[in-house]
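Engineer: I'm passing along structure_32.cif; it holds mmCIF, C-alpha atoms.
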```cif
data_query
loop_
_atom_site.label_atom_id
_atom_site.label_comp_id
_atom_site.auth_asym_id
_atom_site.auth_seq_id
_atom_site.Cartn_x
_atom_site.Cartn_y
_atom_site.Cartn_z
CA MET A 1 -60.51 30.61 -99.95
CA ARG A 2 -60.91 34.06 -98.46
CA ASP A 3 -63.80 36.22 -99.55
CA LEU A 4 -61.83 39.21 -100.78
CA THR A 5 -64.79 40.79 -102.49
CA ARG A 6 -66.55 40.91 -99.17
CA LEU A 7 -63.51 42.44 -97.52
CA GLN A 8 -63.21 45.10 -100.17
CA ARG A 9 -66.83 46.08 -99.77
CA GLN A 10 -66.72 46.55 -96.05
CA PRO A 11 -66.46 50.28 -95.39
CA ASN A 12 -64.57 49.78 -92.14
CA VAL A 13 -61.90 47.57 -93.68
CA ARG A 14 -59.44 50.23 -94.70
CA PRO A 15 -56.10 49.41 -96.26
CA LEU A 16 -53.85 48.96 -93.29
CA MET A 17 -50.96 50.81 -94.85
CA GLU A 18 -50.28 52.85 -91.71
CA ALA A 19 -49.85 49.87 -89.44
CA SER A 20 -46.33 49.85 -88.11
CA ASP A 21 -46.33 46.51 -86.37
CA GLU A 22 -45.39 43.92 -88.94
CA ASN A 23 -46.43 41.06 -86.72
CA LEU A 24 -49.86 42.64 -86.49
CA LEU A 25 -49.91 43.01 -90.28
CA LEU A 26 -49.10 39.34 -90.57
CA ARG A 27 -51.93 38.34 -88.26
CA GLN A 28 -54.34 40.58 -90.17
CA ALA A 29 -53.22 39.13 -93.50
CA GLN A 30 -53.63 35.62 -92.11
CA ALA A 31 -57.17 36.63 -91.17
CA GLY A 32 -57.77 37.51 -94.82
CA GLU A 33 -57.23 41.26 -94.88
CA LEU A 34 -55.99 42.18 -98.32
CA GLY A 35 -54.74 45.60 -97.25
CA ALA A 36 -52.45 44.05 -94.67
CA PHE A 37 -51.16 41.59 -97.24
CA GLU A 38 -50.47 44.40 -99.70
CA LYS A 39 -48.40 46.13 -97.04
CA LEU A 40 -46.44 42.93 -96.44
CA VAL A 41 -45.85 42.68 -100.19
CA GLU A 42 -44.51 46.23 -100.17
CA LEU A 43 -42.17 45.41 -97.29
CA HIS A 44 -40.80 42.20 -98.80
CA ARG A 45 -40.99 42.55 -102.58
CA ASP A 46 -37.37 43.70 -102.91
CA ARG A 47 -36.16 40.64 -101.01
CA VAL A 48 -38.15 38.24 -103.20
CA TYR A 49 -37.29 40.06 -106.42
CA GLY A 50 -33.60 40.16 -105.44
CA LEU A 51 -33.47 36.43 -104.73
CA ALA A 52 -35.10 35.64 -108.08
CA LEU A 53 -32.94 38.15 -109.95
CA ARG A 54 -29.69 36.79 -108.49
CA MET A 55 -30.67 33.23 -109.32
CA THR A 56 -32.09 33.79 -112.82
CA ARG A 57 -30.04 36.85 -113.87
CA SER A 58 -33.19 37.99 -115.68
CA GLU A 59 -35.24 41.01 -114.68
CA ALA A 60 -38.27 39.74 -116.60
CA ASP A 61 -38.12 36.33 -114.92
CA ALA A 62 -37.55 37.93 -111.52
CA ALA A 63 -40.62 40.13 -111.96
CA GLU A 64 -42.81 37.16 -112.95
CA ILE A 65 -41.45 34.97 -110.17
CA THR A 66 -42.18 37.72 -107.63
CA GLN A 67 -45.80 37.80 -108.81
CA GLU A 68 -46.08 34.02 -108.52
CA VAL A 69 -44.47 34.01 -105.07
CA PHE A 70 -46.87 36.52 -103.56
CA LEU A 71 -49.86 34.91 -105.24
CA SER A 72 -48.79 31.56 -103.83
CA ALA A 73 -48.10 33.15 -100.43
CA TRP A 74 -51.61 34.61 -100.29
CA ARG A 75 -53.21 31.35 -101.31
CA ASN A 76 -51.27 29.41 -98.69
CA LEU A 77 -51.23 31.98 -95.92
CA SER A 78 -53.92 30.18 -93.96
CA GLY A 79 -51.62 27.16 -93.80
CA PHE A 80 -48.66 29.23 -92.58
CA LYS A 81 -48.24 28.50 -88.90
CA GLY A 82 -45.54 31.04 -88.05
CA GLU A 83 -46.44 33.91 -85.81
CA ASN A 84 -43.77 36.48 -86.46
CA THR A 85 -42.00 38.34 -89.22
CA ALA A 86 -38.84 36.23 -89.07
CA ALA A 87 -40.83 33.07 -89.69
CA PHE A 88 -42.76 34.79 -92.46
CA VAL A 89 -39.54 35.93 -94.16
CA GLY A 90 -38.13 32.39 -94.00
CA TRP A 91 -41.35 30.97 -95.40
CA LEU A 92 -41.42 33.55 -98.19
CA ASN A 93 -37.77 32.85 -99.03
CA ARG A 94 -38.52 29.15 -99.34
CA ILE A 95 -41.45 29.82 -101.68
CA ALA A 96 -39.26 32.18 -103.72
CA ALA A 97 -36.41 29.66 -103.91
CA ASN A 98 -38.84 26.93 -104.95
CA GLN A 99 -40.47 29.01 -107.67
CA THR A 100 -37.11 30.18 -108.95
CA LEU A 101 -35.58 26.71 -109.10
CA MET A 102 -38.69 25.36 -110.84
CA ARG A 103 -38.28 28.01 -113.50
CA LEU A 104 -34.56 27.36 -113.84
CA ARG A 105 -35.17 23.64 -114.22
CA HIS A 106 -37.76 24.38 -116.86
CA ARG A 107 -35.38 26.64 -118.73
CA LYS A 108 -32.43 24.37 -118.13
CA VAL A 109 -30.30 27.45 -117.83
CA VAL A 110 -26.62 26.87 -118.22
CA SER A 111 -24.38 29.83 -117.81
CA GLN A 112 -22.18 30.54 -120.79
CA ILE A 113 -19.63 32.26 -118.62
CA GLU A 114 -19.09 29.67 -115.93
CA ALA A 115 -15.63 29.79 -114.46
CA SER A 116 -13.82 26.87 -112.96
CA LEU A 117 -13.87 26.67 -109.19
CA GLU A 118 -10.87 28.11 -107.49
CA GLY A 119 -9.13 27.59 -104.21
CA PRO A 120 -5.70 27.81 -102.68
CA GLN A 121 -2.79 25.81 -104.10
CA PHE A 122 -0.74 23.48 -101.90
CA ASN A 123 2.66 21.82 -102.21
CA GLU A 124 3.17 18.07 -101.82
CA ARG A 125 3.35 18.44 -98.02
CA GLY A 126 -0.04 20.20 -97.98
CA SER A 127 1.39 23.64 -97.19
CA MET A 128 -0.30 26.62 -98.79
CA LEU A 129 1.56 28.14 -101.72
CA ASP A 130 -0.65 31.16 -102.29
CA GLU A 131 0.21 34.57 -101.01
CA VAL A 132 -2.75 36.13 -99.27
CA ALA A 133 -3.47 39.78 -99.97
CA ASP A 134 -4.08 42.24 -97.20
CA TRP A 135 -7.83 42.80 -97.17
CA LYS A 136 -8.80 46.21 -95.92
CA SER A 137 -9.57 46.06 -92.24
CA ASP A 138 -12.77 47.95 -92.98
CA ALA A 139 -13.84 45.47 -95.66
CA LEU A 140 -16.95 44.76 -93.64
CA GLY A 141 -17.51 48.39 -92.70
CA LEU A 142 -20.45 50.48 -93.64
CA THR A 143 -19.27 51.34 -97.12
CA LEU A 144 -18.53 48.76 -99.72
CA ASP A 145 -16.33 49.79 -102.59
CA ALA A 146 -18.39 49.85 -105.79
CA GLU A 147 -15.59 48.11 -107.68
CA LEU A 148 -15.38 45.37 -105.06
CA SER A 149 -19.16 44.93 -105.30
CA GLU A 150 -18.85 44.56 -109.04
CA ALA A 151 -16.02 42.03 -108.67
CA ILE A 152 -18.16 40.01 -106.26
CA GLN A 153 -21.14 40.18 -108.62
CA LEU A 154 -19.05 38.96 -111.56
CA ALA A 155 -17.50 36.16 -109.54
CA ALA A 156 -20.91 35.01 -108.26
CA ASP A 157 -22.34 35.09 -111.79
CA ALA A 158 -19.46 32.94 -113.00
CA LEU A 159 -19.83 30.18 -110.40
CA PRO A 160 -20.98 26.87 -111.88
CA GLU A 161 -24.77 26.72 -111.56
CA GLU A 162 -25.15 24.13 -108.82
CA TYR A 163 -22.51 25.88 -106.68
CA ARG A 164 -23.97 29.33 -107.34
CA ARG A 165 -27.43 28.16 -106.35
CA VAL A 166 -26.25 26.83 -102.98
CA PHE A 167 -24.03 29.84 -102.32
CA LEU A 168 -26.81 32.35 -103.05
CA LEU A 169 -29.47 30.51 -101.08
CA LYS A 170 -27.25 29.94 -98.03
CA ASP A 171 -24.86 32.87 -97.81
CA VAL A 172 -26.95 35.61 -99.38
CA ASP A 173 -30.57 34.67 -98.71
CA GLY A 174 -29.96 32.85 -95.45
CA LEU A 175 -31.75 29.54 -96.01
CA SER A 176 -30.61 26.63 -93.85
CA TYR A 177 -28.87 23.55 -95.25
CA GLU A 178 -32.03 21.54 -94.60
CA GLU A 179 -34.26 24.07 -96.36
CA ILE A 180 -31.95 24.06 -99.39
CA GLY A 181 -31.97 20.26 -99.36
CA ASP A 182 -35.78 20.19 -99.31
CA ILE A 183 -35.95 22.57 -102.26
CA THR A 184 -33.15 21.18 -104.41
CA GLY A 185 -33.33 17.51 -103.46
CA ASP A 186 -29.59 17.56 -102.71
CA SER A 187 -28.15 15.96 -99.58
CA VAL A 188 -26.85 18.20 -96.80
CA PRO A 189 -23.25 16.88 -97.17
CA ALA A 190 -23.39 17.65 -100.92
CA ILE A 191 -24.72 21.13 -100.18
CA LYS A 192 -21.94 21.77 -97.65
CA SER A 193 -19.29 20.55 -100.04
CA ARG A 194 -20.56 22.86 -102.81
CA LEU A 195 -20.89 25.78 -100.43
CA HIS A 196 -17.29 25.33 -99.27
CA ARG A 197 -16.00 25.24 -102.85
CA ALA A 198 -18.12 28.26 -103.75
CA ARG A 199 -16.85 30.22 -100.74
CA LEU A 200 -13.26 29.35 -101.62
CA THR A 201 -13.87 30.63 -105.14
CA MET A 202 -15.51 33.81 -103.91
CA ARG A 203 -12.67 34.35 -101.42
CA SER A 204 -10.18 33.96 -104.26
CA ALA A 205 -12.07 36.56 -106.31
CA ILE A 206 -12.07 39.05 -103.45
CA ASP A 207 -8.40 38.30 -102.77
CA ALA A 208 -7.58 38.88 -106.46
CA PHE A 209 -9.37 42.22 -106.22
CA TYR A 210 -7.23 43.29 -103.26
CA GLN A 211 -4.05 41.98 -104.91
CA ASP A 212 -4.84 44.20 -107.92
CA VAL A 213 -5.38 47.13 -105.60
CA GLU A 214 -2.04 46.44 -103.86
CA SER A 215 -0.13 46.13 -107.13
CA SER A 216 -1.57 49.35 -108.50
CA ASP A 217 -0.72 51.34 -105.33
CA MET B 1 -0.92 17.85 -86.55
CA PHE B 2 -2.87 19.23 -89.50
CA ASN B 3 -1.22 20.81 -92.52
CA CYS B 4 -2.66 23.80 -94.46
CA LYS B 5 -4.71 21.63 -96.81
CA ASP B 6 -6.27 19.60 -93.98
CA SER B 7 -7.15 22.82 -92.19
CA ILE B 8 -8.68 24.58 -95.17
CA ASP B 9 -10.69 21.49 -96.07
CA LYS B 10 -12.33 21.70 -92.65
CA LEU B 11 -13.05 25.44 -92.54
CA LEU B 12 -16.77 25.23 -93.20
CA GLU B 13 -17.38 22.57 -90.57
CA TYR B 14 -15.12 24.44 -88.14
CA LEU B 15 -17.04 27.70 -88.55
CA ASP B 16 -20.34 25.83 -88.31
CA GLY B 17 -19.13 24.42 -84.98
CA GLU B 18 -19.45 20.89 -86.29
CA VAL B 19 -15.95 19.48 -85.85
CA ALA B 20 -15.09 16.99 -83.13
CA PRO B 21 -13.11 18.39 -80.16
CA ASP B 22 -9.85 16.71 -81.21
CA VAL B 23 -10.19 18.07 -84.76
CA LYS B 24 -10.94 21.52 -83.37
CA HIS B 25 -7.80 21.30 -81.25
CA HIS B 26 -5.66 20.30 -84.26
CA LEU B 27 -7.12 23.09 -86.34
CA GLU B 28 -6.53 25.73 -83.72
CA GLN B 29 -2.98 24.52 -83.18
CA HIS B 30 -2.37 24.86 -86.91
CA PHE B 31 -3.89 28.34 -87.13
CA LYS B 32 -1.75 29.47 -84.18
CA GLY B 33 1.45 28.41 -85.90
CA CYS B 34 0.59 29.29 -89.53
CA SER B 35 -0.02 32.96 -90.23
CA PRO B 36 -1.15 32.44 -93.89
CA CYS B 37 -3.84 30.02 -92.68
CA GLU B 38 -4.78 32.31 -89.82
CA GLU B 39 -5.28 35.11 -92.37
CA PHE B 40 -7.06 32.72 -94.72
CA LEU B 41 -9.49 31.76 -91.96
CA LYS B 42 -10.22 35.44 -91.31
CA GLN B 43 -10.88 36.03 -95.00
CA TYR B 44 -12.99 32.91 -95.38
CA ARG B 45 -15.07 34.07 -92.42
CA GLU B 46 -15.50 37.53 -94.00
CA THR B 47 -16.37 36.21 -97.47
CA ALA B 48 -20.04 35.37 -96.86
CA PRO B 49 -21.01 38.67 -95.17
CA LEU B 50 -19.06 40.66 -97.78
CA CYS B 51 -20.83 38.85 -100.61
CA ARG B 52 -24.17 39.22 -98.89
CA LYS B 53 -23.60 42.94 -98.59
CA ALA B 54 -22.58 43.25 -102.24
CA LEU B 55 -25.35 41.07 -103.64
CA LEU B 56 -28.34 42.04 -101.50
CA ARG B 57 -28.68 45.39 -103.19
CA ALA B 58 -31.42 44.53 -105.65
CA ARG B 59 -34.34 46.91 -105.59
CA MET B 60 -37.46 46.27 -107.60
CA PRO B 61 -37.84 49.06 -110.18
CA ARG B 62 -40.80 51.33 -109.52
CA GLU B 63 -42.73 50.31 -112.65
CA VAL B 64 -42.24 46.62 -111.83
CA ALA B 65 -43.50 47.25 -108.30
CA ASP B 66 -46.56 49.02 -109.71
CA ARG B 67 -47.22 46.11 -112.07
CA LEU B 68 -46.90 43.69 -109.15
CA THR B 69 -49.46 45.64 -107.13
CA SER B 70 -51.92 45.73 -110.05
CA PHE B 71 -51.38 42.06 -110.80
CA LEU B 72 -51.99 41.00 -107.21
CA ARG B 73 -55.05 43.18 -106.79
CA ASP B 74 -56.60 41.68 -109.93
CA ALA B 75 -55.56 38.12 -109.17
CA LEU B 76 -56.56 38.16 -105.50
CA ARG B 77 -59.96 39.66 -106.18
CA LYS B 78 -60.62 36.97 -108.73
CA ALA B 79 -59.37 34.27 -106.37
#
```
Output the structure of this file as structure tokens.
Structural biologist:
Amino acid sequence: MRDLTRLQRQPNVRPLMEASDENLLLRQAQAGELGAFEKLVELHRDRVYGLALRMTRSEADAAEITQEVFLSAWRNLSGFKGENTAAFVGWLNRIAANQTLMRLRHRKVVSQIEASLEGPQFNERGSMLDEVADWKSDALGLTLDAELSEAIQLAADALPEEYRRVFLLKDVDGLSYEEIGDITGDSVPAIKSRLHRARLTMRSAIDAFYQDVESSD
Amino acid sequence: MFNCKDSIDKLLEYLDGEVAPDVKHHLEQHFKGCSPCEEFLKQYRETAPLCRKALLRARMPREVADRLTSFLRDALRKA
């Protein structure tokens, strides 16, 4: 365990809040410098808090999970072998996902507003029956309509829990299939199947949003 | 030749680059001749980044961030 008291007492160990090189911050934190770690916390707390908040839907839980994640990160930083920020972010995300899922398992949270999964309808020959709305060509542009954001939020909240978990970890927080499998204990094929169904449902929700926009024009 | 259902069932593997060459060929043939599926593919591809953009907006409230800093300072000094 690092001797933080010693570090705090050293007059030349100033909080490294001005350091601009995050990789340098990481190396300093790995060497036991609390100031560097605090700066890393400042840089990444929104990401960790956001992951926990999306998964738990609870601000109080998200705040506690964020504390646990950074405490765990500090305690295990000497065992972290990555050398750059990208590896650190991935490592932090895995700790956050682990802590969050542990808490969810403990709470056995079941959403009261779960919707059924949706996808396109087909006729007996396998041809698509659905009409597809015209999504704005700038849907991925710099601005995202606040109403569309809200529709996406509601649709994500309503996904059945095991689908929502995979969708958030993969498509929002960027974990790999293998990382999700390690954390959840699910097989990669099961994760892919759930992700596909979740994406189809989310696509349907976005499509419904644009169909409403079209019909009200 | 794939129908719409076959094609949509394979979208995730197709976009992950994990379909066999013959399956990829069948899929692309279908998308070329089926404008609803071609549009569906485009939307399916856009869904994840759109959702990411909409859902990654969480910011830790200032007072929670302050509590986090205090908590960590106390906990790490005791560690």
Engineer: Any idea what the distance is between CA of Val69 (chain A) and CA of Phe167 (chain A)?
Structural biologist: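 According to the coordinates, CA of Val69 (chain A) and CA of Phe167 (chain A) are separated by 21.0 Å.
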Engineer: I'd like to know which of B:Met60, B:Met1, B:Leu41, B:Leu55 is closest to Tyr14 (chain B), using only C-alpha atoms.
Structural biologist: B:Leu41
Engineer: Expand the PyMOL selection byres ((chain A and resi 179) around 10) into the explicit residue set it covers here, and present it as a list in words.
Structural biologist: Gly90, Trp91, Asn93, Arg94, Ala97, Leu169, Lys170, Gly174, Leu175, Ser176, Tyr177, Glu178, Ile180, Gly181, Asp182, Ile183, Thr184, Gly185 and Val188 of chain A
Engineer: Suppose a student applies the PyMOL selection byres ((chain B and resi 11) around 12) to this structure; what residues should they get, written as an NGL selection string?
Structural biologist: (:A and (192-193 or 195-197 or 199-200)) or (:B and (4-10 or 12-19 or 23-24 or 27-28 or 31 or 37-38 or 40-45))
Engineer: For chain B, which of A:Asn84, A:Ser72, A:Thr100, A:Ser215 is the closest residue, counting only C-alpha atoms?
Structural biologist: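 Comparing A:Asn84, A:Ser72, A:Thr100, A:Ser215 against chain B, the winner is A:Ser72.
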Engineer: Kindly add N, CA and C atoms to the incomplete region 197-215 of chain A and provide the output as a tab-separated table (two decimals), in the frame of the given file.
Structural biologist:
```tsv
chain	number	residue	atom	x	y	z
A	197	ARG	N	-16.72	24.95	-101.60
A	197	ARG	CA	-16.00	25.24	-102.85
A	197	ARG	C	-16.38	26.62	-103.39
A	198	ALA	N	-17.66	26.94	-103.27
A	198	ALA	CA	-18.12	28.26	-103.75
A	198	ALA	C	-17.49	29.37	-102.92
A	199	ARG	N	-17.45	29.18	-101.60
A	199	ARG	CA	-16.85	30.22	-100.74
A	199	ARG	C	-15.35	30.39	-101.04
A	200	LEU	N	-14.69	29.25	-101.28
A	200	LEU	CA	-13.26	29.35	-101.62
A	200	LEU	C	-13.08	30.15	-102.90
A	201	THR	N	-13.96	29.91	-103.87
A	201	THR	CA	-13.87	30.63	-105.14
A	201	THR	C	-14.16	32.12	-104.95
A	202	MET	N	-15.17	32.41	-104.16
A	202	MET	CA	-15.51	33.81	-103.91
A	202	MET	C	-14.39	34.50	-103.13
A	203	ARG	N	-13.80	33.78	-102.17
A	203	ARG	CA	-12.67	34.35	-101.42
A	203	ARG	C	-11.52	34.66	-102.36
A	204	SER	N	-11.26	33.75	-103.29
A	204	SER	CA	-10.18	33.96	-104.26
A	204	SER	C	-10.45	35.21	-105.10
A	205	ALA	N	-11.72	35.39	-105.48
A	205	ALA	CA	-12.07	36.56	-106.31
A	205	ALA	C	-11.85	37.85	-105.53
A	206	ILE	N	-12.26	37.85	-104.27
A	206	ILE	CA	-12.07	39.05	-103.45
A	206	ILE	C	-10.58	39.28	-103.22
A	207	ASP	N	-9.85	38.20	-102.99
A	207	ASP	CA	-8.40	38.30	-102.77
A	207	ASP	C	-7.72	38.86	-104.03
A	208	ALA	N	-8.16	38.38	-105.20
A	208	ALA	CA	-7.58	38.88	-106.46
A	208	ALA	C	-7.85	40.37	-106.60
A	209	PHE	N	-9.03	40.79	-106.17
A	209	PHE	CA	-9.37	42.22	-106.22
A	209	PHE	C	-8.38	43.01	-105.37
A	210	TYR	N	-8.14	42.54	-104.14
A	210	TYR	CA	-7.23	43.29	-103.26
A	210	TYR	C	-5.78	43.20	-103.75
A	211	GLN	N	-5.42	42.08	-104.36
A	211	GLN	CA	-4.05	41.98	-104.91
A	211	GLN	C	-3.86	43.00	-106.02
A	212	ASP	N	-4.91	43.18	-106.85
A	212	ASP	CA	-4.84	44.20	-107.92
A	212	ASP	C	-4.69	45.59	-107.33
A	213	VAL	N	-5.45	45.82	-106.26
A	213	VAL	CA	-5.38	47.13	-105.60
A	213	VAL	C	-3.96	47.36	-105.07
A	214	GLU	N	-3.40	46.32	-104.43
A	214	GLU	CA	-2.04	46.44	-103.86
A	214	GLU	C	-1.01	46.72	-104.95
A	215	SER	N	-1.14	45.98	-106.08
A	215	SER	CA	-0.13	46.13	-107.13
A	215	SER	C	-0.24	47.46	-107.86
```
